[in-house]
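K.L.:
Before anything else, here's the structure in question.
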Amino acid sequence: MQLHPGDLGWFWRFGGERTAAAVRTWSRDGELVAVGMLDDPELLRLAIAPELQRDDELAQRVAEDVSLPERDVLIEGKVYVEAPVGSLVLELLHKDGWDFDDPWVPLRRDLSSPVPDPGVRVEVVGPEQAAERTAVQRASFDGSTFTDERWHAMAAGAPYADAQCLIARNEQGEAVAGATVWSAGAGKPGLLEPMGVHRAHRGRGYGEAITLAAARALQELGSSSATVATPAFNVGAVATYRSAGFEQLADKRDVFRKG
């Protein structure tokens, strides 16, 4: 799974117009067959209808569109495409000289069984806690630009109707970790994106706790599973998700064209 409704929902923090401008779609006979989102001008995340991932005509068209800047998908220079593992478009791009990038680790937790209690106080974030949620995010990721204004823009977006932001508190009541979960509807995989622990409170199990809370929230929203992905070099994040009962799946790699 390369693109989830929650990915669009998280991008929506930049506003609806910018989110729409970042989306590319491919259709055949009036039916949507592929959707791409430009996470950055040089990175396209691509979802393809499962039954068409080996379709030659579609793969040829997508490969052409992402390779030619005049098609208004990707810019000139060094660019990346993230597409489903095993899809023909990845093979065509690699055959055309694109290289494989560093691996990412996808992880998944089945939600058909009860999820353990996280063991800390967890709150669902509303407008009154938005400042705490964004502060935890900025303290978790260097360079984060998640502001209160962007939280409100995200929360006003259509995908957030099936989403929740969570914060975990320590015994002193401080917000020490945060996460956002996205449902794609009952019986479908849910997404955990993003999750972070305040840099001043790391090494105390709060990452595992907020991940368990996120899985429980997705279960309550009707999701069949909780999914997440992290760069393979981030061994701490992989260990945290595994400790929260997530199964590590086979690595996946983007392809990129050298500038």
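By convention in this document, the chains of the structure tokens carry letters A, B, ... by their order, each chain's residues are numbered from 1, and ligands are numbered from 1 in the order they are shown.
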Quick one: residues within 9 Å of Ala250 of chain A, only C-alpha atoms, excluding same-chain residues fewer than 6 positions away - as a ChimeraX atom specification?

P.N.:
/A:104-107

K.L.:
Deliver the residues from the most recent selection as a file, using C-alpha atoms, as an mmCIF file, in the first residue's frame.

P.N.:
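So the final result, stored in out-v7.cif, reads:
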data_model
loop_
_atom_site.group_PDB
_atom_site.id
_atom_site.type_symbol
_atom_site.label_atom_id
_atom_site.label_comp_id
_atom_site.auth_asym_id
_atom_site.auth_seq_id
_atom_site.Cartn_x
_atom_site.Cartn_y
_atom_site.Cartn_z
ATOM 1 C CA TRP A 104 11.601 1.445 3.739
ATOM 2 C CA VAL A 105 10.082 -0.966 6.234
ATOM 3 C CA PRO A 106 6.296 -1.437 6.166
ATOM 4 C CA LEU A 107 4.717 -2.810 9.337
#

K.L.:
Taking the DSSP secondary structure from the backbone, can you list the residues of segment 79-228 of chain A that are strand (DSSP E), as a ChimeraX atom specification?

P.N.:
/A:79-82,99-110,121-124,163-169,175-182,189-197,225-228

K.L.:
Looking at only C-alpha atoms, which of A:Ala139, A:Ala226, A:Ala184, A:Leu90 is the one that sits closest to Gln60 of chain A?

P.N.:
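Residue with the minimum atom-to-atom distance to Gln60 of chain A: A:Leu90.
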
K.L.:
Give me the residues near Val33 of chain A as a PyMOL selection string, where near means some atom within 9 Å (using only C-alpha atoms) and where sequence neighbours in that chain fewer than 2 positions away do not count.

P.N.:
chain A and resi 25-28+31+35+47-49+52+58

K.L.:
Leaving out Leu46 of chain A and any residue of its chain fewer than 3 positions from it, which residues lie within 7 Å of it when counting only C-alpha atoms, given as a PyMOL selection string?

P.N.:
chain A and resi 2-3+35-37+82-83

K.L.:
So that I can see what lies close to Asp40 of chain A, please list as a VMD selection string the residues with an atom at most 12 Å from it, counting only C-alpha atoms and leaving out residues fewer than 6 positions away in the same chain.

P.N.:
chain A and resid 11 18 to 19 21 to 23 73 to 75 78 to 82

K.L.:
Generate the output file for the selected residues, all heavy atoms, as a tab-separated table (two decimals), in the first residue's frame.

P.N.:
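To be explicit, this is the file written out as again_19.tsv:
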chain	number	residue	atom	x	y	z
A	11	PHE	N	-1.60	15.49	4.26
A	11	PHE	CA	-1.16	16.57	3.37
A	11	PHE	C	-2.11	17.77	3.45
A	11	PHE	O	-1.70	18.91	3.23
A	11	PHE	CB	-1.11	16.05	1.93
A	11	PHE	CG	-0.36	16.95	0.98
A	11	PHE	CD1	0.97	16.72	0.68
A	11	PHE	CD2	-0.99	18.03	0.37
A	11	PHE	CE1	1.66	17.55	-0.19
A	11	PHE	CE2	-0.32	18.87	-0.50
A	11	PHE	CZ	1.02	18.62	-0.78
A	18	ARG	N	-4.16	23.27	-2.14
A	18	ARG	CA	-2.82	22.73	-2.37
A	18	ARG	C	-2.86	21.20	-2.44
A	18	ARG	O	-2.11	20.60	-3.23
A	18	ARG	CB	-1.88	23.20	-1.26
A	18	ARG	CG	-0.43	22.81	-1.48
A	18	ARG	CD	0.48	23.55	-0.54
A	18	ARG	NE	1.80	22.94	-0.49
A	18	ARG	CZ	2.79	23.33	0.31
A	18	ARG	NH1	2.58	24.35	1.13
A	18	ARG	NH2	3.96	22.73	0.31
A	19	THR	N	-3.74	20.58	-1.66
A	19	THR	CA	-3.86	19.13	-1.73
A	19	THR	C	-4.37	18.70	-3.10
A	19	THR	O	-3.84	17.77	-3.73
A	19	THR	CB	-4.82	18.62	-0.64
A	19	THR	OG1	-4.33	19.04	0.64
A	19	THR	CG2	-4.92	17.10	-0.66
A	21	ALA	N	-4.08	20.28	-5.86
A	21	ALA	CA	-3.05	20.56	-6.86
A	21	ALA	C	-1.95	19.50	-6.85
A	21	ALA	O	-1.22	19.34	-7.84
A	21	ALA	CB	-2.45	21.94	-6.62
A	22	ALA	N	-1.81	18.77	-5.75
A	22	ALA	CA	-0.77	17.75	-5.64
A	22	ALA	C	-1.22	16.38	-6.14
A	22	ALA	O	-0.43	15.44	-6.16
A	22	ALA	CB	-0.31	17.63	-4.19
A	23	VAL	N	-2.48	16.25	-6.53
A	23	VAL	CA	-3.04	14.95	-6.92
A	23	VAL	C	-3.04	14.80	-8.45
A	23	VAL	O	-3.38	15.74	-9.18
A	23	VAL	CB	-4.46	14.77	-6.37
A	23	VAL	CG1	-5.11	13.50	-6.91
A	23	VAL	CG2	-4.43	14.75	-4.84
A	73	VAL	N	3.63	15.96	-14.29
A	73	VAL	CA	3.57	15.07	-13.13
A	73	VAL	C	4.78	15.35	-12.24
A	73	VAL	O	4.63	15.85	-11.12
A	73	VAL	CB	3.52	13.59	-13.55
A	73	VAL	CG1	3.46	12.69	-12.31
A	73	VAL	CG2	2.31	13.33	-14.44
A	74	LEU	N	5.98	15.06	-12.72
A	74	LEU	CA	7.20	15.33	-11.98
A	74	LEU	C	8.05	16.38	-12.70
A	74	LEU	O	7.96	16.55	-13.91
A	74	LEU	CB	8.01	14.04	-11.81
A	74	LEU	CG	7.44	13.03	-10.81
A	74	LEU	CD1	8.12	11.67	-10.98
A	74	LEU	CD2	7.61	13.53	-9.38
A	75	ILE	N	8.85	17.07	-11.91
A	75	ILE	CA	9.70	18.12	-12.46
A	75	ILE	C	10.95	17.52	-13.09
A	75	ILE	O	11.19	16.31	-13.03
A	75	ILE	CB	10.10	19.11	-11.35
A	75	ILE	CG1	10.87	18.37	-10.23
A	75	ILE	CG2	8.88	19.82	-10.79
A	75	ILE	CD1	11.38	19.29	-9.13
A	78	LYS	N	16.43	15.31	-10.49
A	78	LYS	CA	16.30	14.10	-9.70
A	78	LYS	C	14.91	14.00	-9.12
A	78	LYS	O	14.44	14.88	-8.42
A	78	LYS	CB	17.33	14.09	-8.57
A	78	LYS	CG	17.41	12.76	-7.83
A	78	LYS	CD	18.56	12.76	-6.82
A	78	LYS	CE	18.71	11.39	-6.16
A	78	LYS	NZ	19.84	11.37	-5.18
A	79	VAL	N	14.23	12.89	-9.42
A	79	VAL	CA	12.85	12.69	-8.97
A	79	VAL	C	12.68	11.24	-8.51
A	79	VAL	O	13.46	10.35	-8.88
A	79	VAL	CB	11.83	13.02	-10.07
A	79	VAL	CG1	11.80	14.52	-10.35
A	79	VAL	CG2	12.12	12.24	-11.34
A	80	TYR	N	11.61	11.01	-7.74
A	80	TYR	CA	11.35	9.70	-7.16
A	80	TYR	C	9.91	9.27	-7.45
A	80	TYR	O	9.01	10.11	-7.50
A	80	TYR	CB	11.54	9.74	-5.64
A	80	TYR	CG	12.92	10.11	-5.17
A	80	TYR	CD1	13.34	11.44	-5.17
A	80	TYR	CD2	13.82	9.13	-4.74
A	80	TYR	CE1	14.61	11.78	-4.73
A	80	TYR	CE2	15.08	9.46	-4.29
A	80	TYR	CZ	15.47	10.79	-4.29
A	80	TYR	OH	16.73	11.14	-3.86
A	81	VAL	N	9.71	7.97	-7.59
A	81	VAL	CA	8.38	7.39	-7.71
A	81	VAL	C	8.27	6.25	-6.70
A	81	VAL	O	9.13	5.35	-6.65
A	81	VAL	CB	8.10	6.85	-9.12
A	81	VAL	CG1	6.80	6.05	-9.15
A	81	VAL	CG2	8.04	8.00	-10.13
A	82	GLU	N	7.23	6.30	-5.88
A	82	GLU	CA	6.91	5.21	-4.96
A	82	GLU	C	5.66	4.54	-5.50
A	82	GLU	O	4.59	5.16	-5.60
A	82	GLU	CB	6.66	5.76	-3.56
A	82	GLU	CG	6.33	4.69	-2.53
A	82	GLU	CD	6.00	5.29	-1.17
A	82	GLU	OE1	6.34	6.46	-0.93
A	82	GLU	OE2	5.38	4.57	-0.36

K.L.:
Kindly give the distance, in Å, that separates atom CA of Val85 of chain A and atom CA of Leu111 of chain A, rounded to a single decimal.

P.N.:
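Atom CA of Leu111 of chain A lies 23.4 Å from atom CA of Val85 of chain A.
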
K.L.:
Between segment 42-146 of chain A and segment 210-215 of chain A, at 9 Å or less, what are the per-residue closest atom pairs and their distances in Å? Count only C-alpha atoms, order by chain and rising residue number, and return it as a tab-separated table.

P.N.:
residue	atom	partner	partner_atom	distance
A:Arg109	CA	A:Ala215	CA	7.7
A:Leu111	CA	A:Ala215	CA	7.5
A:Val115	CA	A:Leu212	CA	6.9
A:Pro116	CA	A:Leu212	CA	7.0
A:Asp117	CA	A:Leu212	CA	7.1
A:Pro118	CA	A:Leu212	CA	5.5
A:Val120	CA	A:Ile210	CA	8.4
A:Val122	CA	A:Ala213	CA	7.2

K.L.:
Put those residues in a file: N, CA and C atoms, as a short mmCIF file (atom, residue, chain, number, x, y, z; two decimals), in the first residue's frame.

P.N.:
data_model
loop_
_atom_site.label_atom_id
_atom_site.label_comp_id
_atom_site.auth_asym_id
_atom_site.auth_seq_id
_atom_site.Cartn_x
_atom_site.Cartn_y
_atom_site.Cartn_z
N ARG A 109 -0.25 -4.32 11.97
CA ARG A 109 -0.82 -5.03 13.11
C ARG A 109 -2.25 -5.40 12.80
N LEU A 111 -6.01 -6.25 13.57
CA LEU A 111 -6.88 -5.72 14.62
C LEU A 111 -8.09 -6.60 14.89
N VAL A 115 -6.48 -5.15 21.50
CA VAL A 115 -5.18 -4.49 21.62
C VAL A 115 -4.96 -4.14 23.09
N PRO A 116 -3.79 -4.44 23.65
CA PRO A 116 -3.54 -4.16 25.06
C PRO A 116 -3.68 -2.68 25.40
N ASP A 117 -4.03 -2.42 26.64
CA ASP A 117 -4.10 -1.05 27.13
C ASP A 117 -2.70 -0.42 27.06
N PRO A 118 -2.59 0.83 26.62
CA PRO A 118 -1.26 1.44 26.48
C PRO A 118 -0.57 1.73 27.81
N VAL A 120 -0.81 4.34 29.72
CA VAL A 120 -0.64 5.76 30.01
C VAL A 120 -1.95 6.48 29.70
N VAL A 122 -4.21 8.71 27.68
CA VAL A 122 -4.26 9.11 26.26
C VAL A 122 -5.54 9.91 26.04
#
